[in-house]
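**Student:** Input my_file-v4.cif, format and content: mmCIF, C-alpha atoms.
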```cif
data_start
loop_
_atom_site.group_PDB
_atom_site.id
_atom_site.type_symbol
_atom_site.label_atom_id
_atom_site.label_comp_id
_atom_site.auth_asym_id
_atom_site.auth_seq_id
_atom_site.Cartn_x
_atom_site.Cartn_y
_atom_site.Cartn_z
ATOM 1 C CA MET A 253 -4.027 -23.129 21.086
ATOM 2 C CA LYS A 254 -0.338 -22.257 21.331
ATOM 3 C CA VAL A 255 2.145 -25.104 21.702
ATOM 4 C CA ARG A 256 5.214 -24.428 23.831
ATOM 5 C CA MET A 257 8.377 -24.756 21.738
ATOM 6 C CA ASN A 258 12.043 -25.220 22.505
ATOM 7 C CA PHE A 259 13.978 -22.267 21.055
ATOM 8 C CA SER A 260 17.428 -23.407 22.215
ATOM 9 C CA ARG A 261 18.781 -23.331 18.639
ATOM 10 C CA HIS A 262 18.224 -19.555 18.701
ATOM 11 C CA PHE A 263 20.347 -19.064 21.837
ATOM 12 C CA PRO A 264 23.808 -19.151 20.186
ATOM 13 C CA ILE A 265 22.641 -16.318 17.913
ATOM 14 C CA ILE A 266 20.438 -14.069 20.058
ATOM 15 C CA GLY A 267 20.965 -15.490 23.548
ATOM 16 C CA MET A 268 18.387 -16.416 26.153
ATOM 17 C CA GLU A 269 17.805 -12.734 26.883
ATOM 18 C CA GLY A 270 17.086 -12.060 23.220
ATOM 19 C CA GLN A 271 14.584 -14.913 23.119
ATOM 20 C CA ARG A 272 12.952 -13.529 26.248
ATOM 21 C CA LYS A 273 12.562 -10.137 24.572
ATOM 22 C CA LEU A 274 10.877 -11.748 21.580
ATOM 23 C CA GLY A 275 8.552 -13.626 23.897
ATOM 24 C CA GLU A 276 7.526 -10.348 25.534
ATOM 25 C CA SER A 277 6.976 -8.565 22.204
ATOM 26 C CA THR A 278 3.719 -7.834 20.377
ATOM 27 C CA VAL A 279 3.688 -7.747 16.571
ATOM 28 C CA ALA A 280 0.690 -6.790 14.426
ATOM 29 C CA VAL A 281 0.243 -8.241 10.945
ATOM 30 C CA VAL A 282 -2.126 -6.384 8.624
ATOM 31 C CA GLY A 283 -3.503 -8.801 6.053
ATOM 32 C CA ALA A 284 -3.633 -12.592 6.301
ATOM 33 C CA GLY A 285 -3.280 -13.765 2.717
ATOM 34 C CA ALA A 286 -0.213 -14.869 0.780
ATOM 35 C CA LEU A 287 2.094 -12.588 2.765
ATOM 36 C CA GLY A 288 0.329 -12.308 6.098
ATOM 37 C CA SER A 289 -0.237 -16.010 6.680
ATOM 38 C CA TRP A 290 3.469 -16.748 6.167
ATOM 39 C CA GLU A 291 4.470 -13.769 8.316
ATOM 40 C CA VAL A 292 2.338 -15.141 11.152
ATOM 41 C CA TYR A 293 3.872 -18.593 10.652
ATOM 42 C CA PHE A 294 7.440 -17.268 10.892
ATOM 43 C CA LEU A 295 6.655 -14.955 13.833
ATOM 44 C CA HIS A 296 5.188 -17.913 15.696
ATOM 45 C CA LYS A 297 8.265 -20.028 14.947
ATOM 46 C CA LEU A 298 10.454 -17.108 16.046
ATOM 47 C CA GLY A 299 8.782 -17.112 19.454
ATOM 48 C CA VAL A 300 7.041 -13.734 19.373
ATOM 49 C CA GLY A 301 4.784 -13.704 22.397
ATOM 50 C CA ARG A 302 1.712 -11.959 21.018
ATOM 51 C CA ILE A 303 0.618 -11.681 17.403
ATOM 52 C CA ILE A 304 -2.275 -9.421 16.380
ATOM 53 C CA VAL A 305 -3.790 -10.016 12.942
ATOM 54 C CA VAL A 306 -6.189 -7.690 11.107
ATOM 55 C CA ASP A 307 -7.866 -9.100 8.000
ATOM 56 C CA ARG A 308 -11.303 -8.907 6.384
ATOM 57 C CA ASP A 309 -11.273 -11.962 4.126
ATOM 58 C CA PHE A 310 -12.223 -15.639 3.985
ATOM 59 C CA VAL A 311 -9.994 -18.490 2.818
ATOM 60 C CA ASP A 312 -10.655 -19.247 -0.856
ATOM 61 C CA GLU A 313 -9.586 -22.148 -3.061
ATOM 62 C CA ILE A 314 -7.366 -19.800 -5.038
ATOM 63 C CA ASP A 315 -5.421 -18.959 -1.853
ATOM 64 C CA LEU A 316 -4.179 -22.487 -1.226
ATOM 65 C CA PRO A 317 -1.025 -22.577 -3.431
ATOM 66 C CA ARG A 318 0.334 -19.301 -1.974
ATOM 67 C CA THR A 319 -0.581 -19.509 1.712
ATOM 68 C CA ILE A 320 -0.343 -21.794 4.730
ATOM 69 C CA TYR A 321 -4.064 -22.620 4.501
ATOM 70 C CA THR A 322 -5.405 -26.060 3.586
ATOM 71 C CA ARG A 323 -8.560 -27.238 1.846
ATOM 72 C CA GLU A 324 -10.234 -27.760 5.232
ATOM 73 C CA ASP A 325 -9.914 -24.008 5.871
ATOM 74 C CA VAL A 326 -11.797 -22.894 2.738
ATOM 75 C CA GLY A 327 -14.755 -20.664 3.598
ATOM 76 C CA LYS A 328 -13.498 -19.744 7.066
ATOM 77 C CA PRO A 329 -12.325 -16.250 8.077
ATOM 78 C CA LYS A 330 -8.549 -16.211 7.759
ATOM 79 C CA VAL A 331 -8.101 -14.696 11.214
ATOM 80 C CA GLU A 332 -10.086 -17.567 12.745
ATOM 81 C CA VAL A 333 -7.838 -20.161 11.076
ATOM 82 C CA LEU A 334 -4.700 -18.371 12.290
ATOM 83 C CA LYS A 335 -6.160 -18.159 15.781
ATOM 84 C CA GLU A 336 -6.848 -21.882 15.759
ATOM 85 C CA HIS A 337 -3.360 -22.836 14.566
ATOM 86 C CA PHE A 338 -1.153 -20.190 16.180
ATOM 87 C CA GLY A 339 -3.182 -18.570 18.945
ATOM 88 C CA VAL A 340 -3.135 -15.121 17.334
ATOM 89 C CA GLU A 341 -5.413 -12.283 18.394
ATOM 90 C CA GLY A 342 -7.534 -11.959 15.276
ATOM 91 C CA HIS A 343 -9.658 -9.004 14.203
ATOM 92 C CA PHE A 344 -12.039 -9.681 11.309
ATOM 93 C CA GLU A 345 -11.827 -6.094 10.108
ATOM 94 C CA ASP A 346 -10.740 -3.821 7.283
ATOM 95 C CA LEU A 347 -7.732 -1.720 8.326
ATOM 96 C CA ASN A 348 -8.690 1.907 7.719
ATOM 97 C CA PRO A 349 -8.592 5.261 9.582
ATOM 98 C CA GLY A 350 -11.504 4.126 11.738
ATOM 99 C CA THR A 351 -9.844 0.897 12.897
ATOM 100 C CA VAL A 352 -6.126 1.738 13.205
ATOM 101 C CA SER A 353 -6.529 1.692 16.989
ATOM 102 C CA LEU A 354 -6.387 -2.107 16.664
ATOM 103 C CA LEU A 355 -2.628 -1.598 16.244
ATOM 104 C CA ASP A 356 -2.180 0.466 19.425
ATOM 105 C CA GLU A 357 -0.651 -2.323 21.514
ATOM 106 C CA ALA A 358 1.807 -3.480 18.854
ATOM 107 C CA ASP A 359 5.539 -2.933 19.287
ATOM 108 C CA LEU A 360 5.985 -3.397 15.537
ATOM 109 C CA ILE A 361 3.720 -3.746 12.477
ATOM 110 C CA ILE A 362 4.309 -5.960 9.434
ATOM 111 C CA ASP A 363 2.616 -5.380 6.095
ATOM 112 C CA GLY A 364 0.660 -8.337 4.742
ATOM 113 C CA THR A 365 -1.623 -6.279 2.510
ATOM 114 C CA ASP A 366 -1.980 -6.026 -1.240
ATOM 115 C CA ASN A 367 -2.864 -2.373 -1.809
ATOM 116 C CA ILE A 368 -1.146 1.003 -1.611
ATOM 117 C CA TYR A 369 -3.979 2.808 0.203
ATOM 118 C CA THR A 370 -3.844 0.544 3.254
ATOM 119 C CA ARG A 371 -0.061 0.828 3.333
ATOM 120 C CA GLN A 372 -0.338 4.612 3.391
ATOM 121 C CA VAL A 373 -2.808 4.360 6.287
ATOM 122 C CA ILE A 374 -0.357 2.111 8.161
ATOM 123 C CA ASN A 375 2.514 4.488 7.377
ATOM 124 C CA ASP A 376 0.672 7.589 8.596
ATOM 125 C CA TYR A 377 -0.357 5.795 11.777
ATOM 126 C CA ALA A 378 3.089 4.327 12.430
ATOM 127 C CA VAL A 379 4.928 7.615 11.797
ATOM 128 C CA LYS A 380 2.471 9.554 13.944
ATOM 129 C CA GLU A 381 2.714 7.073 16.832
ATOM 130 C CA GLY A 382 6.435 6.400 16.450
ATOM 131 C CA LYS A 383 5.991 2.665 15.790
ATOM 132 C CA PRO A 384 8.372 0.752 13.515
ATOM 133 C CA TRP A 385 6.805 -1.119 10.621
ATOM 134 C CA ILE A 386 7.928 -3.169 7.649
ATOM 135 C CA TYR A 387 6.593 -2.716 4.116
ATOM 136 C CA VAL A 388 6.384 -5.938 2.112
ATOM 137 C CA GLY A 389 5.225 -6.290 -1.492
ATOM 138 C CA VAL A 390 5.224 -9.252 -3.879
ATOM 139 C CA LEU A 391 4.253 -9.808 -7.506
ATOM 140 C CA SER A 392 5.056 -12.363 -10.206
ATOM 141 C CA THR A 393 8.539 -13.665 -9.271
ATOM 142 C CA TYR A 394 9.847 -10.728 -7.236
ATOM 143 C CA GLY A 395 9.404 -8.904 -3.967
ATOM 144 C CA ASN A 396 10.283 -5.749 -2.016
ATOM 145 C CA VAL A 397 10.892 -5.370 1.713
ATOM 146 C CA MET A 398 11.605 -2.087 3.512
ATOM 147 C CA PRO A 399 11.949 -1.446 7.257
ATOM 148 C CA ILE A 400 10.595 1.898 8.466
ATOM 149 C CA ILE A 401 11.766 3.332 11.794
ATOM 150 C CA PRO A 402 10.091 6.700 12.481
ATOM 151 C CA GLY A 403 12.672 9.382 13.164
ATOM 152 C CA LYS A 404 15.544 7.288 11.812
ATOM 153 C CA THR A 405 14.770 6.007 8.312
ATOM 154 C CA ALA A 406 12.782 7.158 5.324
ATOM 155 C CA CYS A 407 9.095 6.249 5.478
ATOM 156 C CA PHE A 408 6.854 4.578 2.916
ATOM 157 C CA ARG A 409 5.607 7.937 1.680
ATOM 158 C CA CYS A 410 9.199 8.973 0.945
ATOM 159 C CA LEU A 411 9.240 5.962 -1.365
ATOM 160 C CA MET A 412 5.744 6.506 -2.790
ATOM 161 C CA PRO A 413 4.581 10.120 -2.198
ATOM 162 C CA LYS A 414 1.027 9.652 -3.507
ATOM 163 C CA LEU A 415 -1.476 7.082 -4.615
ATOM 164 C CA PRO A 416 -0.958 5.958 -8.234
ATOM 165 C CA GLU A 417 -3.187 7.692 -10.789
ATOM 166 C CA SER A 418 -3.573 4.539 -12.882
ATOM 167 C CA PRO A 419 -4.302 0.956 -11.768
ATOM 168 C CA MET A 420 -1.295 -0.897 -10.376
ATOM 169 C CA PRO A 421 -0.494 -4.425 -11.576
ATOM 170 C CA THR A 422 -1.961 -7.058 -9.275
ATOM 171 C CA CYS A 423 -1.359 -10.732 -8.608
ATOM 172 C CA ALA A 424 -4.755 -11.493 -10.163
ATOM 173 C CA VAL A 425 -3.600 -9.974 -13.465
ATOM 174 C CA VAL A 426 0.161 -10.542 -13.509
ATOM 175 C CA GLY A 427 0.227 -13.676 -11.374
ATOM 176 C CA ILE A 428 2.576 -14.782 -8.606
ATOM 177 C CA MET A 429 4.668 -17.867 -7.968
ATOM 178 C CA SER A 430 3.878 -19.772 -4.787
ATOM 179 C CA TYR A 431 7.432 -19.591 -3.391
ATOM 180 C CA VAL A 432 7.676 -15.781 -3.535
ATOM 181 C CA PRO A 433 5.479 -14.805 -0.523
ATOM 182 C CA PRO A 434 7.267 -17.046 2.028
ATOM 183 C CA LEU A 435 10.649 -15.691 0.927
ATOM 184 C CA ALA A 436 9.484 -12.096 1.338
ATOM 185 C CA ALA A 437 7.853 -12.958 4.662
ATOM 186 C CA SER A 438 11.029 -14.578 6.003
ATOM 187 C CA ILE A 439 13.080 -11.495 5.101
ATOM 188 C CA ALA A 440 10.494 -9.242 6.774
ATOM 189 C CA VAL A 441 10.435 -11.324 9.948
ATOM 190 C CA SER A 442 14.248 -11.392 10.094
ATOM 191 C CA LEU A 443 14.190 -7.582 10.019
ATOM 192 C CA ALA A 444 11.438 -7.570 12.647
ATOM 193 C CA ALA A 445 13.624 -9.681 14.940
ATOM 194 C CA ARG A 446 16.513 -7.245 14.578
ATOM 195 C CA ILE A 447 14.294 -4.271 15.366
ATOM 196 C CA LEU A 448 12.628 -5.955 18.360
ATOM 197 C CA LEU A 449 16.068 -6.843 19.729
ATOM 198 C CA GLY A 450 17.209 -3.230 19.470
ATOM 199 C CA GLU A 451 19.537 -3.596 16.512
ATOM 200 C CA GLY A 452 19.837 -0.861 13.904
ATOM 201 C CA VAL A 453 18.537 -1.375 10.368
ATOM 202 C CA PRO A 454 19.489 0.698 7.312
ATOM 203 C CA SER A 455 17.102 2.968 5.384
ATOM 204 C CA GLU A 456 16.907 0.763 2.333
ATOM 205 C CA LEU A 457 14.627 -1.292 0.122
ATOM 206 C CA VAL A 458 15.539 -4.944 -0.316
ATOM 207 C CA PHE A 459 14.551 -6.175 -3.790
ATOM 208 C CA PHE A 460 14.736 -9.772 -4.976
ATOM 209 C CA ASP A 461 13.742 -11.638 -8.128
ATOM 210 C CA THR A 462 13.506 -15.411 -7.814
ATOM 211 C CA LYS A 463 13.606 -15.834 -11.606
ATOM 212 C CA THR A 464 17.048 -14.305 -11.997
ATOM 213 C CA LEU A 465 18.192 -14.804 -8.378
ATOM 214 C CA ASP A 466 19.027 -11.111 -8.224
ATOM 215 C CA PHE A 467 19.089 -9.455 -4.797
ATOM 216 C CA GLU A 468 19.566 -5.708 -4.452
ATOM 217 C CA ARG A 469 19.724 -3.323 -1.511
ATOM 218 C CA ILE A 470 18.648 0.157 -2.575
ATOM 219 C CA GLU A 471 19.178 3.129 -0.268
ATOM 220 C CA VAL A 472 15.996 5.144 0.306
ATOM 221 C CA LEU A 473 16.598 8.736 1.380
ATOM 222 C CA LYS A 474 14.295 10.614 3.683
ATOM 223 C CA ARG A 475 12.540 13.373 1.736
ATOM 224 C CA GLU A 476 12.569 16.824 3.287
ATOM 225 C CA ASP A 477 9.172 17.493 1.692
ATOM 226 C CA CYS A 478 7.615 14.179 2.748
ATOM 227 C CA PRO A 479 4.091 14.982 3.996
ATOM 228 C CA ALA A 480 4.254 12.215 6.600
ATOM 229 C CA CYS A 481 7.657 11.951 8.259
ATOM 230 C CA SER A 482 8.941 15.495 7.562
ATOM 231 C CA LEU A 483 5.843 17.725 7.498
ATOM 232 C CA ARG A 484 3.751 15.448 9.759
ATOM 233 C CA LYS A 485 0.586 15.843 7.708
ATOM 234 C CA PHE A 486 -1.226 12.548 8.110
ATOM 235 C CA GLU A 487 -3.738 12.815 5.290
ATOM 236 C CA PHE A 488 -4.435 9.077 5.140
ATOM 237 C CA LEU A 489 -5.714 9.097 8.718
ATOM 238 C CA GLU A 490 -8.612 11.366 7.847
ATOM 239 C CA LYS A 491 -11.810 9.592 8.771
ATOM 240 C CA ARG A 492 -13.834 9.133 5.612
ATOM 241 C CA MET A 493 -16.086 6.481 4.211
ATOM 242 C CA LYS A 494 -14.175 4.121 1.985
ATOM 243 C CA ILE A 495 -15.862 2.800 -1.145
ATOM 244 C CA GLU A 496 -14.188 0.159 -3.279
ATOM 245 C CA ARG A 497 -15.244 -2.236 -6.009
ATOM 246 C CA LEU A 498 -14.129 -5.802 -5.338
ATOM 247 C CA CYS A 499 -12.917 -8.353 -7.858
ATOM 248 C CA ASP A 500 -16.336 -10.042 -8.149
ATOM 249 C CA GLY A 501 -18.051 -6.748 -9.047
ATOM 250 C CA SER A 502 -19.590 -6.150 -5.626
ATOM 251 C CA ILE A 503 -19.016 -2.873 -3.783
ATOM 252 C CA GLN A 504 -17.627 -2.634 -0.269
ATOM 253 C CA VAL A 505 -18.566 0.281 1.979
ATOM 254 C CA THR A 506 -16.415 0.848 5.070
ATOM 255 C CA PRO A 507 -17.631 3.492 7.557
ATOM 256 C CA PRO A 508 -15.187 6.237 8.619
ATOM 257 C CA ALA A 509 -15.290 5.006 12.209
ATOM 258 C CA ARG A 510 -15.765 1.515 13.543
ATOM 259 C CA MET A 511 -19.335 0.677 14.443
ATOM 260 C CA SER A 512 -20.720 -1.853 16.887
ATOM 261 C CA ILE A 513 -23.410 -3.945 15.228
ATOM 262 C CA ASN A 514 -25.813 -5.949 17.373
ATOM 263 C CA PHE A 515 -26.614 -8.876 15.089
ATOM 264 C CA ASP A 516 -29.524 -10.043 17.264
ATOM 265 C CA ASN A 517 -31.269 -6.672 17.021
ATOM 266 C CA LEU A 518 -30.553 -6.382 13.313
ATOM 267 C CA GLU A 519 -31.849 -9.901 12.689
ATOM 268 C CA GLU A 520 -35.071 -9.045 14.518
ATOM 269 C CA LYS A 521 -35.566 -5.863 12.490
ATOM 270 C CA LEU A 522 -34.947 -7.685 9.219
ATOM 271 C CA LYS A 523 -37.446 -10.394 10.076
ATOM 272 C CA LYS A 524 -40.061 -7.705 10.713
ATOM 273 C CA LEU A 525 -39.431 -6.567 7.149
ATOM 274 C CA GLY A 526 -40.063 -10.101 5.900
ATOM 275 C CA ILE A 527 -36.357 -10.801 5.353
ATOM 276 C CA GLU A 528 -34.856 -14.069 6.579
ATOM 277 C CA PRO A 529 -31.139 -13.407 7.173
ATOM 278 C CA LEU A 530 -28.247 -15.806 7.678
ATOM 279 C CA LYS A 531 -26.540 -14.846 10.935
ATOM 280 C CA THR A 532 -23.088 -16.033 12.047
ATOM 281 C CA SER A 533 -20.699 -14.792 14.718
ATOM 282 C CA GLN A 534 -18.789 -12.785 12.083
ATOM 283 C CA PHE A 535 -21.442 -11.438 9.699
ATOM 284 C CA ILE A 536 -25.108 -11.279 8.806
ATOM 285 C CA GLN A 537 -26.170 -11.928 5.223
ATOM 286 C CA PHE A 538 -29.499 -11.322 3.487
ATOM 287 C CA GLU A 539 -31.166 -10.452 0.200
ATOM 288 C CA ASP A 540 -33.084 -7.302 -0.631
ATOM 289 C CA ASP A 541 -34.889 -7.773 -3.932
ATOM 290 C CA TYR A 542 -32.028 -8.220 -6.428
ATOM 291 C CA LEU A 543 -29.274 -7.308 -3.945
ATOM 292 C CA GLU A 544 -27.164 -9.549 -1.736
ATOM 293 C CA ILE A 545 -25.890 -7.780 1.392
ATOM 294 C CA LEU A 546 -23.277 -8.776 3.959
ATOM 295 C CA ILE A 547 -22.764 -6.733 7.118
ATOM 296 C CA PHE A 548 -19.768 -7.349 9.377
ATOM 297 C CA GLN A 549 -19.243 -6.561 13.056
ATOM 298 C CA GLY A 550 -17.431 -3.264 12.556
ATOM 299 C CA GLY A 551 -20.083 -1.905 10.174
ATOM 300 C CA ARG A 552 -18.344 -2.883 6.940
ATOM 301 C CA MET A 553 -20.879 -3.764 4.245
ATOM 302 C CA VAL A 554 -20.480 -5.637 0.966
ATOM 303 C CA VAL A 555 -23.268 -5.177 -1.576
ATOM 304 C CA ARG A 556 -23.614 -7.412 -4.627
ATOM 305 C CA GLY A 557 -25.881 -6.343 -7.461
ATOM 306 C CA VAL A 558 -25.484 -2.541 -7.299
ATOM 307 C CA ASP A 559 -24.352 -0.548 -10.336
ATOM 308 C CA ASP A 560 -22.477 2.317 -8.697
ATOM 309 C CA GLU A 561 -21.073 3.739 -5.481
ATOM 310 C CA ASN A 562 -24.021 6.030 -4.793
ATOM 311 C CA GLU A 563 -26.418 3.098 -4.847
ATOM 312 C CA ALA A 564 -24.123 1.217 -2.461
ATOM 313 C CA LYS A 565 -24.072 4.237 -0.112
ATOM 314 C CA ASN A 566 -27.871 4.348 -0.208
ATOM 315 C CA VAL A 567 -28.050 0.690 0.763
ATOM 316 C CA PHE A 568 -25.625 1.388 3.624
ATOM 317 C CA ALA A 569 -27.759 4.298 4.808
ATOM 318 C CA ARG A 570 -30.902 2.195 4.477
ATOM 319 C CA TYR A 571 -29.732 -0.424 6.940
ATOM 320 C CA LEU A 572 -27.003 1.214 9.065
ATOM 321 C CA GLY A 573 -27.679 4.940 8.727
ATOM 322 C CA GLY A 574 -25.145 7.590 7.724
#
```
Show how you would write the structure in this file as structure tokens.

**Tutor:**
Amino acid sequence: MKVRMNFSRHFPIIGMEGQRKLGESTVAVVGAGALGSWEVYFLHKLGVGRIIVVDRDFVDEIDLPRTIYTREDVGKPKVEVLKEHFGVEGHFEDLNPGTVSLLDEADLIIDGTDNIYTRQVINDYAVKEGKPWIYVGVLSTYGNVMPIIPGKTACFRCLMPKLPESPMPTCAVVGIMSYVPPLAASIAVSLAARILLGEGVPSELVFFDTKTLDFERIEVLKREDCPACSLRKFEFLEKRMKIERLCDGSIQVTPPARMSINFDNLEEKLKKLGIEPLKTSQFIQFEDDYLEILIFQGGRMVVRGVDDENEAKNVFARYLGG
């Protein structure tokens, strides 16, 4: 439930009219972990009227030092916790070509993700629809923030033309200090406020390193051969099944278009097969011989115990078709 706040300390800076604009704005945050949870926190404190959050994960013990979550939140979907504390509109989903429509009502999008693929999906969508968005990345002791205004600045694909051919360093491998995500999030939200209030922002990447206290502003030029913002070829919006191996060794299968799963019907069918599932409002979980299977509302499936992607696809087809 949202608590009404007094924003009078903002008035000398942005005026009552500026605060009103923020209150009438809608911002979408993709990802609700170390970055996303802090972005939601600062957007709420800024007075943004409507906050949409898209995230597919649960709160884990390992999240606690880097996020706003507490021990009481462990095991809950992150979007549900943010809804409880800040009144956000939460979507327990993976952001992919089949679900980007969840961002349709946003005036601006902020990156709270941790992977390049999803950022390219956001970029293609935002450039195609003419929506401003802000790229945010953190690792170890440093961070990057870049505002993207379609038609005015370079886009994310100007900065990173293609997916990396080799694995990128991750927080799980390289680590991250707990004070880095809130700093990056505060910079991103300050840029969001400027954009929502109609102020211009430069085409640049803001880099900071909390270890050395270095801050740099690096101009990013729009590429004439950029597939997204120059050639308008939105390859990352192609609807295709997404297969990825998660950190625990399980395989996640995301359908190319969002599905609508009736958990009651699925539970009934499973029981007829002699399977006793665990059904919640967010997912249904069951075992099939040596496999553990989780199916979420939009059709996303996580399979534990499979050896390869083809086997995971077969399990998907077995229970959801396709």

**Student:** Per residue of region 269-290 of chain A within 6 Å of region 298-318 of chain A, which atom pair is closest and at what distance in Å (one decimal), using all atoms listed in the file, listed by chain and increasing number, as a tab-separated table?

**Tutor:**
```
residue	atom	partner	partner_atom	distance
A:Leu274	CA	A:Val300	CA	4.9
A:Gly275	CA	A:Gly301	CA	4.1
A:Glu276	CA	A:Gly301	CA	5.3
A:Ser277	CA	A:Gly301	CA	5.6
A:Thr278	CA	A:Arg302	CA	4.6
A:Val279	CA	A:Ile303	CA	5.1
A:Ala280	CA	A:Ile304	CA	4.4
A:Val281	CA	A:Val305	CA	4.8
A:Val282	CA	A:Val306	CA	4.9
A:Gly283	CA	A:Asp307	CA	4.8
A:Ala284	CA	A:Asp307	CA	5.7
A:Ala286	CA	A:Arg318	CA	5.2
```

**Student:** Using all atoms listed in the file, which of the listed residues (A:Lys380, A:Arg446, A:Lys523, A:Arg510) sits closest to Leu483 (chain A)?

**Tutor:**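 For Leu483 (chain A), the nearest of the candidates is A:Lys380.
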
**Student:** Just give me the gap between CA of Ile545 (chain A) and CA of Pro507 (chain A) in Å, one decimal is fine.

**Tutor:**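 Taking CA of Ile545 (chain A) and CA of Pro507 (chain A), their separation equals 15.3 Å.
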
**Student:** In Å, rounded to a single decimal, give me how far CA of Pro349 (chain A) is from CA of Glu336 (chain A).

**Tutor:**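 Separation of CA of Glu336 (chain A) and CA of Pro349 (chain A): 27.9 Å.
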
**Student:** If I take CA of Gly526 (chain A) and CA of Leu543 (chain A), how far is one from the other in Å, to one decimal?

**Tutor:**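 Result for CA of Gly526 (chain A) versus CA of Leu543 (chain A): 14.9 Å, one decimal.
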
**Student:** Taking into account all atoms listed in the file, which residue in the set A:Ser430, A:Asn517, A:Ser512, A:Ser289 is nearest to Lys330 (chain A)?

**Tutor:** A:Ser289

**Student:** Hey, can you pull every residue with an atom no more than 8 Å from (1.2, -0.8, 9.5), using all atoms listed in the file, and send it as a PyMOL selection string?

**Tutor:** chain A and resi 280-282+355+361-363+371+373-375+377-378+385-387

**Student:** Which is closest to Ser502 (chain A) among A:Lys474, A:His296, A:Arg469, A:Arg556, if we use all atoms listed in the file?

**Tutor:** A:Arg556

**Student:** Name the residues that the PyMOL selection byres ((chain A and resi 550) around 6) pulls out of this structure, and write them as a PyMOL selection string.

**Tutor:** chain A and resi 510-512+548-549+551-552

**Student:** Which is closest to Ala358 (chain A) among A:Gly395, A:Pro264, A:Pro384, A:Gly389, if we use only C-alpha atoms?

**Tutor:**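 Of the candidates, the smallest distance to Ala358 (chain A) is held by A:Pro384.
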
**Student:** Please expand the PyMOL selection byres ((chain A and resi 407) around 8) into the concrete residues it hits in this file, giving the result as a list in words.

**Tutor:**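 On this input, the PyMOL selection byres ((chain A and resi 407) around 8) captures Asn375, Val379, Ile400, Ile401, Pro402, Thr405, Ala406, Phe408, Arg409, Cys410, Leu411, Lys474, Ala480 and Cys481 of chain A.
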
**Student:** Pull C-alpha atoms from the residues just selected and write them as a PDB file, in the frame of the given file.

**Tutor:**
```
ATOM      1  CA  ASN A 375       2.514   4.488   7.377  1.00  0.00           C
ATOM      2  CA  VAL A 379       4.928   7.615  11.797  1.00  0.00           C
ATOM      3  CA  ILE A 400      10.595   1.898   8.466  1.00  0.00           C
ATOM      4  CA  ILE A 401      11.766   3.332  11.794  1.00  0.00           C
ATOM      5  CA  PRO A 402      10.091   6.700  12.481  1.00  0.00           C
ATOM      6  CA  THR A 405      14.770   6.007   8.312  1.00  0.00           C
ATOM      7  CA  ALA A 406      12.782   7.158   5.324  1.00  0.00           C
ATOM      8  CA  PHE A 408       6.854   4.578   2.916  1.00  0.00           C
ATOM      9  CA  ARG A 409       5.607   7.937   1.680  1.00  0.00           C
ATOM     10  CA  CYS A 410       9.199   8.973   0.945  1.00  0.00           C
ATOM     11  CA  LEU A 411       9.240   5.962  -1.365  1.00  0.00           C
ATOM     12  CA  LYS A 474      14.295  10.614   3.683  1.00  0.00           C
ATOM     13  CA  ALA A 480       4.254  12.215   6.600  1.00  0.00           C
ATOM     14  CA  CYS A 481       7.657  11.951   8.259  1.00  0.00           C
TER      15      CYS A 481
END
```

**Student:** Using only C-alpha atoms, which residue out of A:Ala445, A:Val472, A:Ile536, A:Val567 lies closest to His262 (chain A)?

**Tutor:**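 Smallest separation from His262 (chain A) among the options: A:Ala445.
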
**Student:** Got a sec: who's within 8 Å of Val441 (chain A), counting all atoms listed in the file, leaving out chain neighbours fewer than 2 positions off, as a list in words?

**Tutor:**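 Answer for this query is Glu291, Phe294, Leu295, Ala437, Ser438, Ile439, Leu443, Ala444 and Ala445 of chain A.
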
**Student:** Residues near Glu544 (chain A), anyone? I mean within 8 Å using only C-alpha atoms, not counting same-chain ones fewer than 6 positions away, as a ChimeraX atom specification.

**Tutor:** /A:537-538,555-557

**Student:** For the PyMOL selection byres ((chain A and resi 257) around 9), applied here, can you spell out every residue it catches as a compact mmCIF listing (two decimals) with C-alpha atoms, in the coordinates of the input?

**Tutor:**
```
# COMPACT_ATOMS: atom_id res chain seq x y z
CA VAL A 255 2.14 -25.10 21.70
CA ARG A 256 5.21 -24.43 23.83
CA ASN A 258 12.04 -25.22 22.50
CA PHE A 259 13.98 -22.27 21.06
CA LYS A 297 8.26 -20.03 14.95
CA GLY A 299 8.78 -17.11 19.45
```

**Student:** Using all atoms listed in the file, which of A:Pro433, A:Gly342, A:Gly288, A:Pro479 sits nearest Thr462 (chain A)?

**Tutor:**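 Of A:Pro433, A:Gly342, A:Gly288, A:Pro479, the one nearest Thr462 (chain A) is A:Pro433, counting all atoms listed in the file.
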
**Student:** Edge lengths and centre in Å to one decimal, as AutoDock Vina command-line options, of the axis-aligned box that encloses all listed atoms of region 403-410 of chain A with 4 Å added on every side?

**Tutor:**
```
--center_x 10.6 --center_y 7.0 --center_z 7.1 --size_x 17.9 --size_y 12.8 --size_z 20.2
```

**Student:** Would you pick out the contacts of Glu324 (chain A) at 10 Å or less, using all atoms listed in the file, so that residues sharing its chain but fewer than 3 positions from it are not included, and give the list as an MDAnalysis selection string?

**Tutor:** chainID A and resid 311 321 327:328 333
